[in-house]
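Inspection log for the structure reproduced underneath, given as structure tokens.
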Amino acid sequence: MTLLGTNTFVILDSHQSSCVLVDPGEGGETRARELEFLCTQIGVAPRLVMVTHDHSDHIEAAAATCAQWRIPLLTARSGDLSEGICIGDGFDIDVIELKGHSADSVGLIVRGDHVLLSGDVVFLESWCCLGSCDSDLRAYFNTLNRVESLLAEGEICELLPGHGSMMRRDVALKRIGEYRRHRFSRLEQVREVIKECGSIDCASVARRIYPGMIDKRNTLLQRVVEVQMEYLEGQTVLPA
Ligand SMILES: [Zn+2]
């Protein structure tokens, strides 16, 4: 999905004898073998695989990885990961909902390290795409607020995103501010186009926002615009 690939995280238990694998990534069996090599090098056996959401760049290698170690896969879609669930048994990982990028997006707070595995919410080097069939901008803004509060209150001090570099507290807070401004300026742009051309047809608004982009990405970009239009519906003033 991105030029930076997907980050896979290995969370060790308190005895450092087993681990949880988060977001095994793309690549099926090849990737599963790479993860096996990595775990063998560290000297830990995985007990679980979890995903922050089920987009293919995060989950593709999960089936092969689980089959290899005969371990379960926990996902939000299957009801295993939802707000308030704690993965104990030596791990101390809290699950929080971070909907917006997708309806099944969750974050994992590793309590001992004060870090949040945040999936596809905020990236340092790029913008997160809100173009999935179940992307929701209102939920996404709530998620940004929530992550911001967790950082501001010191409950977490580092973000480990699904793509790109990790962010320490100050960098993450700054980046969340940039993300919010970026989204609002895009929303203003969409609102202007709607006003100008008097059209609420998503395809024609998308053509105005992304002129000349008529390749296969067009469907995705059209959905990106649609998600913004869904948000703007009934919204008279953008939040400050
Ligand atoms: Zn995703």
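Chain labels A, B, ... are given in the sequence in which chains occur in the structure tokens; within each chain residues are numbered consecutively from 1, and ligands are likewise numbered from 1 in the order shown.
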Do a neighbour search on Tyr140 in chain A at 12 Å with only C-alpha atoms, toss out local chain neighbours closer than 6 positions, and write the hits as an mmCIF file with C-alpha atoms, in the first residue's frame.
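Generated file (result_22.cif):
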data_model
loop_
_atom_site.group_PDB
_atom_site.id
_atom_site.type_symbol
_atom_site.label_atom_id
_atom_site.label_comp_id
_atom_site.auth_asym_id
_atom_site.auth_seq_id
_atom_site.Cartn_x
_atom_site.Cartn_y
_atom_site.Cartn_z
ATOM 1 C CA GLU A 97 -10.905 1.341 18.953
ATOM 2 C CA LEU A 98 -9.374 3.745 16.451
ATOM 3 C CA LYS A 99 -12.017 3.762 13.733
ATOM 4 C CA GLY A 100 -11.915 6.032 10.708
ATOM 5 C CA HIS A 101 -9.351 4.673 8.266
ATOM 6 C CA SER A 102 -11.532 1.552 8.434
ATOM 7 C CA ALA A 103 -14.410 0.466 10.645
ATOM 8 C CA ASP A 104 -12.315 -2.313 12.195
ATOM 9 C CA SER A 105 -9.235 -0.227 13.074
ATOM 10 C CA VAL A 106 -7.889 -0.799 16.571
ATOM 11 C CA ASP A 120 -3.086 3.420 9.915
ATOM 12 C CA VAL A 121 -3.981 6.600 11.785
ATOM 13 C CA VAL A 122 -0.973 8.942 11.513
ATOM 14 C CA CYS A 128 -3.032 8.192 5.733
ATOM 15 C CA CYS A 129 -5.618 7.343 3.069
ATOM 16 C CA LEU A 130 -9.313 7.510 3.917
ATOM 17 C CA GLY A 131 -10.563 5.760 0.812
ATOM 18 C CA ASP A 134 -15.870 1.760 5.329
ATOM 19 C CA ARG A 146 -8.285 10.288 21.285
ATOM 20 C CA VAL A 147 -4.667 9.592 20.325
ATOM 21 C CA ILE A 176 -1.567 15.077 14.549
ATOM 22 C CA TYR A 179 -3.018 15.926 9.869
ATOM 23 C CA ARG A 180 -6.013 17.837 11.197
ATOM 24 C CA ARG A 183 -7.952 17.266 6.402
ATOM 25 C CA VAL A 227 -15.850 10.114 2.353
ATOM 26 C CA GLN A 228 -15.312 13.878 2.632
ATOM 27 C CA TYR A 231 -18.702 14.205 6.388
#
task: Compile the contact shell of His163 in chain A as a list of chain:residue names: residues with an atom at most 9 Å away, counting only C-alpha atoms, same-chain residues fewer than 2 positions apart removed.
output: A:Thr2, A:Leu3, A:Leu4, A:Gly5, A:Thr6, A:Asn7, A:Gly119, A:Asp120, A:Val122, A:Phe123, A:Leu124, A:Glu125, A:Ser126, A:Leu160, A:Pro161, A:Ser165, A:Met166
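Ranking A:Ser118, A:Ser56, A:Thr65, A:Ser78 by their shortest atom-to-atom distance to ligand 1, with only C-alpha atoms and all ligand atoms included, puts A:Ser56 first.
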- request: Mind checking which residues fall within 12 Å of Ile42 in chain A, counting only C-alpha atoms, ignoring those fewer than 4 positions away in the same chain, and posting them as a PyMOL selection string?
  value: chain A and resi 10-12+16-19+35-38+46
What would the file look like if the residues just selected were written as a PDB file, in the first residue's frame with N, CA and C atoms?
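Just written: again-v4.pdb:
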ATOM      1  N   VAL A  10       6.835  -7.178  17.046  1.00  0.00           N
ATOM      2  CA  VAL A  10       6.995  -8.377  17.878  1.00  0.00           C
ATOM      3  C   VAL A  10       6.967  -7.898  19.326  1.00  0.00           C
ATOM      4  N   ILE A  11       5.914  -8.279  20.060  1.00  0.00           N
ATOM      5  CA  ILE A  11       5.811  -7.855  21.466  1.00  0.00           C
ATOM      6  C   ILE A  11       6.174  -9.047  22.348  1.00  0.00           C
ATOM      7  N   LEU A  12       7.215  -8.875  23.139  1.00  0.00           N
ATOM      8  CA  LEU A  12       7.662  -9.975  24.009  1.00  0.00           C
ATOM      9  C   LEU A  12       6.853 -10.011  25.293  1.00  0.00           C
ATOM     10  N   GLN A  16      10.077 -12.738  28.384  1.00  0.00           N
ATOM     11  CA  GLN A  16      10.804 -12.715  27.111  1.00  0.00           C
ATOM     12  C   GLN A  16      10.992 -14.116  26.540  1.00  0.00           C
ATOM     13  N   SER A  17       9.990 -14.962  26.747  1.00  0.00           N
ATOM     14  CA  SER A  17      10.101 -16.327  26.219  1.00  0.00           C
ATOM     15  C   SER A  17       9.110 -16.587  25.089  1.00  0.00           C
ATOM     16  N   SER A  18       8.090 -15.736  24.985  1.00  0.00           N
ATOM     17  CA  SER A  18       7.149 -15.871  23.871  1.00  0.00           C
ATOM     18  C   SER A  18       6.765 -14.474  23.406  1.00  0.00           C
ATOM     19  N   CYS A  19       6.011 -14.418  22.318  1.00  0.00           N
ATOM     20  CA  CYS A  19       5.683 -13.096  21.778  1.00  0.00           C
ATOM     21  C   CYS A  19       4.329 -13.096  21.083  1.00  0.00           C
ATOM     22  N   LEU A  35       9.339 -14.166   9.194  1.00  0.00           N
ATOM     23  CA  LEU A  35       8.977 -13.939  10.604  1.00  0.00           C
ATOM     24  C   LEU A  35       9.452 -15.095  11.479  1.00  0.00           C
ATOM     25  N   GLU A  36       9.414 -16.301  10.925  1.00  0.00           N
ATOM     26  CA  GLU A  36       9.911 -17.462  11.665  1.00  0.00           C
ATOM     27  C   GLU A  36      11.409 -17.294  11.942  1.00  0.00           C
ATOM     28  N   PHE A  37      12.121 -16.861  10.915  1.00  0.00           N
ATOM     29  CA  PHE A  37      13.559 -16.635  11.057  1.00  0.00           C
ATOM     30  C   PHE A  37      13.822 -15.594  12.155  1.00  0.00           C
ATOM     31  N   LEU A  38      13.069 -14.511  12.096  1.00  0.00           N
ATOM     32  CA  LEU A  38      13.229 -13.434  13.072  1.00  0.00           C
ATOM     33  C   LEU A  38      12.977 -13.933  14.503  1.00  0.00           C
ATOM     34  N   PRO A  46       6.024 -17.317  18.837  1.00  0.00           N
ATOM     35  CA  PRO A  46       4.778 -16.536  18.849  1.00  0.00           C
ATOM     36  C   PRO A  46       3.625 -17.334  19.449  1.00  0.00           C
TER      37      PRO A  46
END
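Considering the residues A:Ile93, A:Val51, A:Val20, A:Cys66 and counting only C-alpha atoms and all ligand atoms, ligand 1 has its shortest atom-to-atom contact with A:Val51.
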task: Enter the distance from CA of Ala206 in chain A to CA of Gly162 in chain A, in Å, rounded to one decimal.
output: 27.2 Å
message: Could you pull out the helix (DSSP H, G or I) residues of range 30-215 of chain A, going by DSSP on the backbone, and write them as a PyMOL selection string?
response: chain A and resi 30-42+56-59+62-69+111-113+137-152+169-197+202-209
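Proximity to Pro72 in chain A was assessed for A:Trp127, A:Leu21, A:Ala172, A:Cys157 counting only C-alpha atoms; the smallest distance is recorded for A:Leu21.
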